[in-house]
Protein chains: 2
Amino acid sequence: MASAPPSGSAPPSEEGDPRRRLAEYETLLEIGVELAGTLDRQRVLELAVQHAERLCRAETGSIWELDEERGELFFRVVRGRVAGRIRDLRVPLGAGVVGAVAASGEPALVDDVEHDPRWRGEAAAGFTTRGLVAVPLVARGRVIGVLQLLNPVGRAAFDEDDLRRLRLFAGPLAHALENARLHEAEKRQFRDTVTALAEAVEKRDPYTGGHIRRVVCYSLLLGRELGLADAELEQLWVGAALHDIGKIAVPDAVLRKEGPLDVAERAAMDRHPSAGAEIVSRVRSLQPLVPVVRSHHERVDGGGYPDGLAGEAIPLAARIVAVADTFDAMTSDRPYRRGLGPETAAAEIVRHAGRQHAPEVVAALERLHRRGEFTLAAGEELLASLSGHPDAG
Amino acid sequence: MASAPPSGSAPPSEEGDPRRRLAEYETLLEIGVELAGTLDRQRVLELAVQHAERLCRAETGSIWELDEERGELFFRVVRGRVAGRIRDLRVPLGAGVVGAVAASGEPALVDDVEHDPRWRGEAAAGFTTRGLVAVPLVARGRVIGVLQLLNPVGRAAFDEDDLRRLRLFAGPLAHALENARLHEAEKRQFRDTVTALAEAVEKRDPYTGGHIRRVVCYSLLLGRELGLADAELEQLWVGAALHDIGKIAVPDAVLRKEGPLDVAERAAMDRHPSAGAEIVSRVRSLQPLVPVVRSHHERVDGGGYPDGLAGEAIPLAARIVAVADTFDAMTSDRPYRRGLGPETAAAEIVRHAGRQHAPEVVAALERLHRRGEFTLAAGEELLASLSGHPDAG
């Protein structure tokens with residue numbers, strides 16, 4: 001078992017000092033709880049390298065994750081002087097010390113690295129590696145990565161006791177990392193599936209290709225500018241992605257009609273916010289989004305639909321999506337007109353602040369626009385950061 | 001910090017025996033790794049109660065989870081003689097020993113339970129409680145539940161040392177439980193959202209109300225009968241839920257036409273499997289489902305569409321969904337005909353085994369049907385079990 005200390009591996013000096021060992025175990029128990037307490041992969045990685053360096057008094061540490069599909073290990077985190085130089089390094093499974101540890105599932109303790117036949121200079125030119133200790137990270141019976149420490153501080157070499165400690169540490173770390181990875185994968189699956197289905201619904205409307213994705217991006221940028229926390233931004237993107245989902249209930253004859261709609265057709269079209277709210281309301285955990293979907297065509301002056309809400313009675317997320325939606329509609333081409341430039345569209349929205357749109361959201365748009373940050377690329381980046389770090393490849 | 005031993009709380013006999021403490025810490029480290037290694041809530045609960053009973057040599061143990069919305073604690077797991085009697089017990093926050101521990105965040109160590117003013121007989125009539133020890137489960141700064149042990153074995157009372165051990169154990173347990181809960185909540189959100197969106201798409205088709213949900217149920221029953229593992233069943237339900245998602249691309253004029261379709265209309269209708277596959281293919285983690293959605297109208301004799309695949313070239317999940325889809329279509333009412341009884345529909349499907357449908361899937365249907373287990377209720381139950389245990393309430 002990964003967490004059991006290798007029997008007989010500790011030097012006698014350690015066996016003779018159970019109190020020091022007790023303190024060390026208490027530290028390991030605390031670290032284990034700390035690691036289990038987050039599902040944020042980047043945070044797990046950073047905590048882990050810090051703790052590992054301290055546990056074994058090492059100059060620098062790194063964590064490598066195994067990309068099973070490619071049979072490669074890639075850096076997840078590294079600290080210390082070499083950080084900038086080796087971030088993009090990849091090592092084939094089986095190659096080098098790190099690759100050998102991952103392939104065999106056996107730890108490595110190397111005194112004189114430069115003379116080890118497996119050593120391929122995984123650190124970087126200009127950094128002299130004296131000694132290293134590396135342990136496999138095993139979760140659910142599979143090697144998922146390697147934790148490596150370089151250069152002991154204040155001693156000539158890492159010893160069996162460092163290795164023993166690091167193996168004890170590897171158990172909680174591997175599981176915390178695997179749990180965080182699963183958590184991210186689930187979040188990403190949810191995001192990608194909702195997006196794919198919302199885009200499929202959108203495709204029925206001949207005028208709105210890519211609209212969903214753009215409204216998501218603009219909404220997130222506005223939300224962040226307005227100071228929303230990450231958890232609120234997560235909610236906001238789902239609301240923005242699903243804002244037009246109710247169009248599924250609008251007949252083709254209305255949705256695809258060229259030219260103006262008559263009264264009955266307009267009424268059918270204007271039912272899409274409430275139809276969308278009804279769909280979203282069926283998902284218990286998405287209840288907070290129901291008002292967002294329902295109210296994205298309200299106006300702050302009370303002249304919108306379906307409920308004629310005014311001002312702050314309109315949920316903030318709906319006020320945000322309304323601005324994002326309008327901005328994208330104005331800047332997109334239609335068969336009967338060219339889209340406006342972003343400058344003109346922003347000015348037009350500003351002109352309607354306090355009537356159609358909420359002043360504080362419009363002000364956020366203005367600030368972003370002035371700083372040149374109201375771009376799809378910036379929105380995509382923000383969206384990606386919310387869903388955690390992509391898997392390798 | 002929850003994991004730090006309360007200083008000075010251990011009796012001198014323990015302090016004087018660091019070797020015993022070392023062994024205990026090693027056990028706690030191992031248990032921590034074991035708990036972190038699963039995101040299955042039921043498994044975390046069962047492991048935890050077993051380990052806790054052993055750590056403190058207790059007659060029986062239970063874990064209570066806090067339902068914050070209702071301000072109540074409810075049983076999650078209990079072992080021993082009282083198990084059957086108290087499963088449904090709920091305790092208001094603040095009431096009883098367990099409720100007091102949850103409300104205060106402070107542990108309880110009670111020698112003479114029957115005379116404790118807080119005691120309200122949380123166990124059950126016929127079970128004599130002598131002593132108890134209970135600790136709060138704290139994850140991410142919030143009390144999420146209580147771990148309680150009743151009746152020390154081979155001793156008169158639980159002592160401070162039991163309490164210290166149990167507090168050390170509570171940290172990893174609380175986080176494992178919270179991580180499992182989040183994992184389940186995410187799975188459920190994904191399932192419910194996919195279902196809600198698939199059903200919204202389905203609603204455009206006037207003849208198929210509830211079809212998606214029924215096809216999911218029948219598919220899961222067939223899959224389990226055919227020996228699929230839980231992970232495969234998880235995939236199967238998504239494939240079944242999305243099997244008709246491509247109908248989003250079928251025009252109203254075709255989808256809603258009463259009477260027979262002409263050649264062009266039939267072609268438009270028959271594009272729905274490939275259109276659906278295209279939608280699903282946009283989600284990286286759903287790649288394995290693309291062939292399922294694409295091939296659910298193939299026939300084992302090669303006469304289906306869109307690719308004319310035959311026999312085992314049709315993915316098993318698609319062969320399963322095809323049978324479930326046909327069974328539901330046959331047993332559902334249409335404006336122009338009454339649905340067949342399940343007996344007749346099953347017999348009809350059996351008659352086409354080897355031509356339209358895969359013999360092994362048809363055989364599974366026959367077995368289930370004969371045992372009276374091919375019911376929507378059984379399918380719903382199976383689906384619920386895949387997504388973990390529902391939150392309280």
# chains A, B, ... in the order shown; residues from 1 in each chain; ligands from 1
>>> interface_residues(of="chain B", to="chain A", cutoff="6 Å", atoms="only C-alpha atoms", output="MDAnalysis selection string")
chainID B and resid 3 22 30 33 36:37 171:172 175 190 192:193 283
>>> residues_around(residues="stretch 309-325 of chain B", least_positions_apart="6", cutoff="6 Å", atoms="only C-alpha atoms", output="list in words")
Val215, Tyr218, Ser219, Val292, Ser295, His296, Val300, Asp301 and Gly302 of chain B
>>> residues_around(residues="A:Asp159", least_positions_apart="5", cutoff="9 Å", atoms="only C-alpha atoms", output="list of chain:residue names")
A:Pro11, A:Leu109, A:Asp111, A:Val133, A:Arg164
>>> select_by_dssp(residues="stretch 325-383 of chain A", states="helix (DSSP H, G or I)", output="mmCIF file with N, CA and C atoms, in the first residue's frame")
data_model
loop_
_atom_site.group_PDB
_atom_site.id
_atom_site.type_symbol
_atom_site.label_atom_id
_atom_site.label_comp_id
_atom_site.auth_asym_id
_atom_site.auth_seq_id
_atom_site.Cartn_x
_atom_site.Cartn_y
_atom_site.Cartn_z
ATOM 1 N N ASP A 325 -26.228 40.475 -24.988
ATOM 2 C CA ASP A 325 -27.101 40.036 -26.069
ATOM 3 C C ASP A 325 -27.289 41.172 -27.087
ATOM 4 N N THR A 326 -27.590 42.366 -26.593
ATOM 5 C CA THR A 326 -27.795 43.518 -27.472
ATOM 6 C C THR A 326 -26.515 43.874 -28.222
ATOM 7 N N PHE A 327 -25.399 43.882 -27.490
ATOM 8 C CA PHE A 327 -24.128 44.226 -28.121
ATOM 9 C C PHE A 327 -23.826 43.256 -29.258
ATOM 10 N N ASP A 328 -24.046 41.962 -29.017
ATOM 11 C CA ASP A 328 -23.750 40.996 -30.072
ATOM 12 C C ASP A 328 -24.716 41.121 -31.247
ATOM 13 N N ALA A 329 -26.006 41.346 -30.931
ATOM 14 C CA ALA A 329 -26.986 41.507 -32.021
ATOM 15 C C ALA A 329 -26.611 42.711 -32.887
ATOM 16 N N MET A 330 -26.173 43.817 -32.253
ATOM 17 C CA MET A 330 -25.854 45.032 -33.005
ATOM 18 C C MET A 330 -24.594 44.873 -33.853
ATOM 19 N N THR A 331 -23.639 44.101 -33.361
ATOM 20 C CA THR A 331 -22.371 43.982 -34.097
ATOM 21 C C THR A 331 -22.376 42.828 -35.095
ATOM 22 N N PRO A 342 -17.897 47.859 -33.211
ATOM 23 C CA PRO A 342 -18.020 47.803 -31.748
ATOM 24 C C PRO A 342 -18.120 49.213 -31.130
ATOM 25 N N GLU A 343 -17.368 50.150 -31.705
ATOM 26 C CA GLU A 343 -17.395 51.541 -31.215
ATOM 27 C C GLU A 343 -18.811 52.105 -31.259
ATOM 28 N N THR A 344 -19.425 51.996 -32.433
ATOM 29 C CA THR A 344 -20.774 52.527 -32.637
ATOM 30 C C THR A 344 -21.786 51.795 -31.759
ATOM 31 N N ALA A 345 -21.646 50.454 -31.681
ATOM 32 C CA ALA A 345 -22.590 49.668 -30.884
ATOM 33 C C ALA A 345 -22.498 50.075 -29.415
ATOM 34 N N ALA A 346 -21.266 50.202 -28.921
ATOM 35 C CA ALA A 346 -21.088 50.592 -27.514
ATOM 36 C C ALA A 346 -21.722 51.966 -27.270
ATOM 37 N N ALA A 347 -21.482 52.920 -28.200
ATOM 38 C CA ALA A 347 -22.038 54.277 -28.043
ATOM 39 C C ALA A 347 -23.564 54.231 -28.021
ATOM 40 N N GLU A 348 -24.120 53.385 -28.875
ATOM 41 C CA GLU A 348 -25.578 53.246 -28.954
ATOM 42 C C GLU A 348 -26.139 52.704 -27.633
ATOM 43 N N ILE A 349 -25.451 51.703 -27.085
ATOM 44 C CA ILE A 349 -25.906 51.119 -25.812
ATOM 45 C C ILE A 349 -25.812 52.157 -24.698
ATOM 46 N N VAL A 350 -24.726 52.926 -24.696
ATOM 47 C CA VAL A 350 -24.558 53.980 -23.685
ATOM 48 C C VAL A 350 -25.722 54.973 -23.767
ATOM 49 N N ARG A 351 -26.115 55.290 -25.008
ATOM 50 C CA ARG A 351 -27.199 56.236 -25.219
ATOM 51 C C ARG A 351 -28.516 55.752 -24.586
ATOM 52 N N PRO A 359 -27.626 51.114 -15.958
ATOM 53 C CA PRO A 359 -26.477 52.034 -16.040
ATOM 54 C C PRO A 359 -25.165 51.420 -15.562
ATOM 55 N N GLU A 360 -25.200 50.630 -14.479
ATOM 56 C CA GLU A 360 -23.928 50.109 -13.943
ATOM 57 C C GLU A 360 -23.327 49.067 -14.894
ATOM 58 N N VAL A 361 -24.192 48.340 -15.616
ATOM 59 C CA VAL A 361 -23.668 47.352 -16.564
ATOM 60 C C VAL A 361 -23.105 48.070 -17.794
ATOM 61 N N VAL A 362 -23.825 49.096 -18.220
ATOM 62 C CA VAL A 362 -23.353 49.883 -19.363
ATOM 63 C C VAL A 362 -22.019 50.550 -19.019
ATOM 64 N N ALA A 363 -21.902 51.044 -17.781
ATOM 65 C CA ALA A 363 -20.640 51.670 -17.358
ATOM 66 C C ALA A 363 -19.501 50.652 -17.414
ATOM 67 N N ALA A 364 -19.790 49.414 -17.016
ATOM 68 C CA ALA A 364 -18.766 48.358 -17.069
ATOM 69 C C ALA A 364 -18.352 48.102 -18.516
ATOM 70 N N LEU A 365 -19.341 48.074 -19.397
ATOM 71 C CA LEU A 365 -19.052 47.891 -20.830
ATOM 72 C C LEU A 365 -18.148 49.019 -21.329
ATOM 73 N N GLU A 366 -18.482 50.230 -20.955
ATOM 74 C CA GLU A 366 -17.673 51.384 -21.381
ATOM 75 C C GLU A 366 -16.228 51.260 -20.920
ATOM 76 N N ARG A 367 -16.070 50.932 -19.642
ATOM 77 C CA ARG A 367 -14.710 50.804 -19.099
ATOM 78 C C ARG A 367 -13.935 49.721 -19.847
ATOM 79 N N LEU A 368 -14.560 48.565 -20.006
ATOM 80 C CA LEU A 368 -13.892 47.451 -20.696
ATOM 81 C C LEU A 368 -13.529 47.853 -22.119
ATOM 82 N N HIS A 369 -14.474 48.499 -22.774
ATOM 83 C CA HIS A 369 -14.287 48.880 -24.163
ATOM 84 C C HIS A 369 -13.130 49.874 -24.282
ATOM 85 N N ARG A 370 -13.114 50.842 -23.370
ATOM 86 C CA ARG A 370 -12.067 51.861 -23.396
ATOM 87 C C ARG A 370 -10.693 51.235 -23.185
ATOM 88 N N LEU A 376 -13.735 38.961 -27.693
ATOM 89 C CA LEU A 376 -14.091 37.554 -27.571
ATOM 90 C C LEU A 376 -12.929 36.747 -27.023
ATOM 91 N N ALA A 377 -11.716 37.076 -27.455
ATOM 92 C CA ALA A 377 -10.547 36.321 -26.984
ATOM 93 C C ALA A 377 -10.422 36.428 -25.471
ATOM 94 N N ALA A 378 -10.626 37.639 -24.929
ATOM 95 C CA ALA A 378 -10.542 37.820 -23.473
ATOM 96 C C ALA A 378 -11.640 37.027 -22.777
ATOM 97 N N GLY A 379 -12.820 36.989 -23.388
ATOM 98 C CA GLY A 379 -13.921 36.231 -22.809
ATOM 99 C C GLY A 379 -13.659 34.741 -22.811
ATOM 100 N N GLU A 380 -13.115 34.234 -23.929
ATOM 101 C CA GLU A 380 -12.794 32.799 -24.026
ATOM 102 C C GLU A 380 -11.779 32.416 -22.955
ATOM 103 N N GLU A 381 -10.801 33.304 -22.756
ATOM 104 C CA GLU A 381 -9.767 33.023 -21.768
ATOM 105 C C GLU A 381 -10.367 32.940 -20.364
ATOM 106 N N LEU A 382 -11.264 33.867 -20.084
ATOM 107 C CA LEU A 382 -11.921 33.876 -18.778
ATOM 108 C C LEU A 382 -12.757 32.608 -18.590
ATOM 109 N N LEU A 383 -13.475 32.225 -19.622
ATOM 110 C CA LEU A 383 -14.284 31.008 -19.559
ATOM 111 C C LEU A 383 -13.407 29.791 -19.280
#
>>> select_by_dssp(residues="stretch 53-161 of chain A", states="strand (DSSP E)", output="JSON, numbers by chain")
{"A": [58, 59, 60, 61, 62, 63, 64, 65, 66, 67, 72, 73, 74, 75, 76, 77, 78, 90, 91, 92, 108, 109, 110, 132, 133, 134, 135, 136, 137, 138, 139, 142, 143, 144, 145, 146, 147, 148, 149, 150, 151, 152]}
>>> write_last_selection(atoms="C-alpha atoms", output="compact mmCIF listing (two decimals), in the first residue's frame")
# COMPACT_ATOMS: atom_id res chain seq x y z
CA ALA A 58 14.76 20.41 -0.77
CA GLU A 59 15.92 23.25 -2.96
CA THR A 60 13.19 22.80 -5.53
CA GLY A 61 10.32 20.45 -6.27
CA SER A 62 8.12 19.59 -9.18
CA ILE A 63 5.05 17.52 -9.92
CA TRP A 64 4.66 15.74 -13.23
CA GLU A 65 1.42 14.31 -14.47
CA LEU A 66 1.12 11.32 -16.74
CA ASP A 67 -0.73 11.82 -20.00
CA GLU A 72 4.29 11.32 -21.72
CA LEU A 73 4.81 13.13 -18.47
CA PHE A 74 4.39 16.86 -18.39
CA PHE A 75 5.04 19.47 -15.76
CA ARG A 76 2.17 20.54 -13.65
CA VAL A 77 3.99 22.71 -11.19
CA VAL A 78 7.53 23.58 -10.34
CA ARG A 90 7.66 16.80 -21.60
CA VAL A 91 9.27 13.46 -20.88
CA PRO A 92 8.30 10.18 -22.53
CA ALA A 108 14.09 6.74 -7.06
CA LEU A 109 16.73 8.07 -4.69
CA VAL A 110 19.81 9.32 -6.53
CA LEU A 132 17.08 13.86 -6.20
CA VAL A 133 14.29 11.87 -4.71
CA ALA A 134 11.20 11.00 -6.73
CA VAL A 135 8.10 9.01 -5.88
CA PRO A 136 5.25 7.77 -8.07
CA LEU A 137 1.79 9.23 -7.45
CA VAL A 138 -0.65 6.34 -7.40
CA ALA A 139 -4.42 6.85 -7.30
CA ARG A 142 -2.82 3.64 -11.41
CA VAL A 143 0.30 5.78 -11.61
CA ILE A 144 -0.96 9.28 -12.36
CA GLY A 145 2.28 11.20 -11.97
CA VAL A 146 5.55 11.75 -10.16
CA LEU A 147 6.61 14.03 -7.33
CA GLN A 148 10.27 14.94 -7.56
CA LEU A 149 12.53 16.94 -5.26
CA LEU A 150 15.96 18.22 -6.28
CA ASN A 151 18.98 19.10 -4.14
CA PRO A 152 18.80 18.61 -0.39
>>> closest_residue(among="B:Lys257, B:Leu166, B:Ala358, B:Asp205", to="B:Val49", atoms="only C-alpha atoms")
B:Leu166
